[in-house]
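This is coords.tsv. It holds TSV, C-alpha atoms.
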chain	number	residue	atom	x	y	z
A	1	MET	CA	-9.92	7.28	33.36
A	2	ASN	CA	-9.39	3.75	32.16
A	3	THR	CA	-5.73	3.63	31.15
A	4	ARG	CA	-5.79	-0.11	30.57
A	5	GLY	CA	-7.91	0.23	27.43
A	6	LEU	CA	-5.84	3.16	26.20
A	7	ARG	CA	-2.57	1.26	26.71
A	8	SER	CA	-3.85	-1.68	24.65
A	9	GLN	CA	-4.75	0.70	21.84
A	10	LEU	CA	-1.38	2.45	21.92
A	11	LYS	CA	0.73	-0.70	21.86
A	12	ASP	CA	-1.05	-1.84	18.70
A	13	SER	CA	-0.55	1.46	16.92
A	14	VAL	CA	2.07	1.61	14.21
A	15	PRO	CA	3.82	4.91	13.49
A	16	VAL	CA	3.63	5.62	9.78
A	17	ALA	CA	6.62	7.56	8.52
A	18	GLY	CA	6.29	9.59	5.35
A	19	LEU	CA	2.49	9.63	5.42
A	20	CYS	CA	2.41	13.39	5.82
A	21	PRO	CA	5.23	14.65	3.57
A	22	GLN	CA	6.52	18.05	4.56
A	23	GLY	CA	6.93	20.80	2.00
A	24	ALA	CA	9.66	23.43	1.78
A	25	TYR	CA	8.31	25.40	4.76
A	26	GLY	CA	7.57	22.47	7.09
A	27	VAL	CA	3.88	22.37	6.17
A	28	GLN	CA	2.18	19.50	4.39
A	29	ASP	CA	1.94	20.04	0.63
A	30	SER	CA	-1.78	19.36	0.03
A	31	LEU	CA	-1.52	20.11	-3.68
A	32	ARG	CA	0.81	17.18	-4.34
A	33	SER	CA	-0.03	14.75	-1.54
A	34	GLY	CA	-3.74	15.42	-0.94
A	35	PHE	CA	-5.51	15.83	2.37
A	36	THR	CA	-4.63	13.68	5.37
A	37	SER	CA	-6.51	12.85	8.52
A	38	VAL	CA	-4.61	13.05	11.79
A	39	LYS	CA	-6.90	10.45	13.36
A	40	ASN	CA	-5.88	7.84	10.78
A	41	GLU	CA	-2.20	8.44	11.54
A	42	LEU	CA	-2.50	7.95	15.32
A	43	LEU	CA	-4.50	4.82	16.07
A	44	PRO	CA	-5.99	2.00	14.05
A	45	SER	CA	-9.75	2.34	13.79
A	46	HIS	CA	-10.41	-1.37	14.39
A	47	PRO	CA	-8.44	-4.14	16.12
A	48	LEU	CA	-8.29	-6.22	12.92
A	49	GLU	CA	-6.93	-3.33	10.83
A	50	LEU	CA	-3.27	-4.21	11.51
A	51	SER	CA	-3.94	-7.85	10.70
A	52	GLU	CA	-5.59	-6.91	7.41
A	53	LYS	CA	-2.73	-4.58	6.46
A	54	ASN	CA	-0.21	-7.38	6.95
A	55	PHE	CA	-2.29	-10.16	5.37
A	56	GLN	CA	-0.69	-10.10	1.90
A	57	PRO	CA	2.95	-9.97	3.13
A	58	ASN	CA	2.23	-12.81	5.58
A	59	GLN	CA	0.54	-14.81	2.83
A	60	ASP	CA	3.54	-14.23	0.54
A	61	LYS	CA	5.98	-15.37	3.26
A	62	MET	CA	4.00	-18.55	3.81
A	63	ASN	CA	3.81	-19.26	0.07
A	64	PHE	CA	7.54	-18.60	-0.37
A	65	SER	CA	8.51	-20.90	2.51
A	66	THR	CA	6.25	-23.67	1.16
A	67	LEU	CA	7.65	-23.20	-2.33
A	68	ARG	CA	11.21	-23.28	-0.98
A	69	ASN	CA	10.58	-26.54	0.87
A	70	ILE	CA	9.03	-28.16	-2.19
A	71	GLN	CA	11.12	-26.86	-5.12
A	72	GLY	CA	14.24	-25.34	-3.59
A	73	LEU	CA	15.67	-21.86	-3.19
A	74	HIS	CA	15.45	-20.82	-6.85
A	75	ALA	CA	11.63	-20.91	-7.05
A	76	PRO	CA	10.82	-18.22	-4.43
A	77	LEU	CA	13.69	-16.05	-5.69
A	78	LYS	CA	12.35	-16.20	-9.23
A	79	LEU	CA	8.84	-15.41	-8.02
A	80	GLN	CA	10.08	-12.46	-5.94
A	81	MET	CA	11.89	-11.05	-8.99
A	82	GLU	CA	8.69	-11.37	-11.04
A	83	TYR	CA	6.71	-9.60	-8.27
A	84	ARG	CA	9.26	-6.78	-8.16
A	85	ALA	CA	9.18	-6.36	-11.95
A	86	ALA	CA	5.36	-6.35	-11.99
A	87	ARG	CA	5.28	-3.76	-9.16
A	88	GLN	CA	7.52	-1.40	-11.14
A	89	ILE	CA	5.11	-1.24	-14.08
A	90	GLN	CA	3.08	1.88	-13.40
A	91	ARG	CA	1.00	4.38	-15.29
A	92	LEU	CA	1.67	8.08	-15.20
A	93	PRO	CA	1.57	9.56	-11.66
A	94	PHE	CA	-1.81	11.23	-12.10
A	95	LEU	CA	-3.49	7.98	-13.22
A	96	GLN	CA	-4.31	5.08	-10.91
A	97	SER	CA	-2.56	1.83	-11.80
A	98	SER	CA	-4.60	-1.37	-11.78
A	99	ASN	CA	-1.56	-3.63	-11.13
A	100	LEU	CA	-3.09	-6.31	-13.33
A	101	ALA	CA	0.22	-8.14	-13.84
A	102	LEU	CA	0.78	-8.39	-10.07
A	103	ASP	CA	-2.77	-9.60	-9.50
A	104	THR	CA	-2.29	-12.25	-12.17
A	105	LEU	CA	0.95	-13.48	-10.58
A	106	ARG	CA	-0.67	-13.72	-7.15
A	107	GLY	CA	-3.83	-15.37	-8.49
A	108	ASN	CA	-6.09	-12.50	-7.42
A	109	ASP	CA	-7.31	-11.76	-10.93
A	110	GLU	CA	-10.20	-14.23	-10.71
A	111	SER	CA	-11.54	-13.18	-7.31
A	112	ILE	CA	-13.70	-10.21	-6.35
A	113	GLY	CA	-12.79	-8.60	-3.05
A	114	PHE	CA	-13.73	-5.64	-0.90
A	115	GLU	CA	-11.17	-3.38	-2.58
A	116	ASP	CA	-12.56	-4.16	-6.05
A	117	ILE	CA	-15.95	-2.71	-5.18
A	118	LEU	CA	-15.16	0.17	-2.81
A	119	ASN	CA	-11.72	1.24	-4.08
A	120	ASP	CA	-12.83	2.97	-7.28
A	121	PRO	CA	-9.93	5.10	-8.58
A	122	THR	CA	-12.34	7.51	-10.26
A	123	GLN	CA	-13.52	8.54	-6.80
A	124	SER	CA	-9.99	9.20	-5.58
A	125	GLU	CA	-9.25	12.45	-3.76
A	126	MET	CA	-5.78	12.58	-5.31
A	127	MET	CA	-6.15	14.79	-8.34
A	128	GLY	CA	-3.97	17.55	-9.64
A	129	GLU	CA	-2.38	19.06	-12.67
A	130	PRO	CA	-0.86	16.20	-14.71
A	131	HIS	CA	2.26	18.08	-15.83
A	132	MET	CA	3.10	19.16	-12.28
A	133	MET	CA	2.62	15.66	-10.89
A	134	VAL	CA	4.89	14.09	-13.54
A	135	GLU	CA	7.58	16.72	-12.93
A	136	TYR	CA	7.36	16.09	-9.16
A	137	LYS	CA	7.64	12.31	-9.71
A	138	LEU	CA	10.72	12.78	-11.90
A	139	GLY	CA	12.32	15.18	-9.39
A	140	LEU	CA	12.24	18.21	-11.66
A	141	LEU	CA	10.17	20.31	-9.24
Please go through the file and, once you have read it, give me the structure as structure tokens.
Amino acid sequence: MNTRGLRSQLKDSVPVAGLCPQGAYGVQDSLRSGFTSVKNELLPSHPLELSEKNFQPNQDKMNFSTLRNIQGLHAPLKLQMEYRAARQIQRLPFLQSSNLALDTLRGNDESIGFEDILNDPTQSEMMGEPHMMVEYKLGLL
């Protein structure tokens, strides 16, 4: 068995906490959280997957440091507050949010990417009873 290849795969893997939320009896609640794949939780499927997951935070850090060097400390702080406010604007839990305000702040509203074509919210596997999902989001259930 080639353990060298396996070791390189394992060191790049990132444990994802909270991906499989446990219900009251220690079993995943598929009604509220949908189906999960164990394979996706263990190892990345491609070596560039981790790089792609961290692209936007790395891009933001670079933009913030450049902005801080040019305009001072107040500019990245103001932009971070605007990002946080735009991230908090959401639709009801059973509807997918487009995050249009956040895309406009980042300048992604005029570009077409991979996620715009193949990330259609109407084909999402996350569907349930709207009243139950809102009550769960508000902590009433």
ask   = Residues at most 9 Å from Ile89 in chain A, counting all atoms listed in the file, excluding those fewer than 6 positions away in the same chain, as an NGL selection string?
value = :A and (97 or 99 or 101)
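Among the candidates A:Val27, A:Leu105, A:Met62, A:Leu95, the residue lying nearest to Met81 in chain A is A:Leu105 (atoms considered: all atoms listed in the file).
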query = Do you know which residues are at most 12 Å from Leu138 in chain A counting all atoms listed in the file, after dropping those on the same chain fewer than 5 positions away, and could you put them as a PyMOL selection string?
reply = chain A and resi 92-93+131-133
ask   = Taking into account only C-alpha atoms, which residue in the set A:Gln90, A:Asn63, A:Pro47, A:Lys53 is nearest to Leu77 in chain A?
value =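 Result for the nearest residue to Leu77 in chain A: A:Asn63.
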ask   = What does the distance between CA of Phe55 in chain A and CA of Leu100 in chain A come to in Å, to one decimal place?
value = 19.1 Å
ask   = Which is closer to Ser30 in chain A than all the others in A:Leu140, A:Phe94, A:Gly128, A:Ser45, using all atoms listed in the file?
value =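 Of A:Leu140, A:Phe94, A:Gly128, A:Ser45, the one nearest Ser30 in chain A is A:Gly128, counting all atoms listed in the file.
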message = Would you compute the distance between CA of Leu141 in chain A and CA of Gly26 in chain A? Give it in Å to one decimal.
response =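 For CA of Leu141 in chain A relative to CA of Gly26 in chain A, the distance reads 16.7 Å.
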task = Rounded to one decimal place, report the CA of Leu102 in chain A-CA of Glu82 in chain A distance in Å.
result =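 About the pair CA of Leu102 in chain A and CA of Glu82 in chain A: they are 8.5 Å apart.
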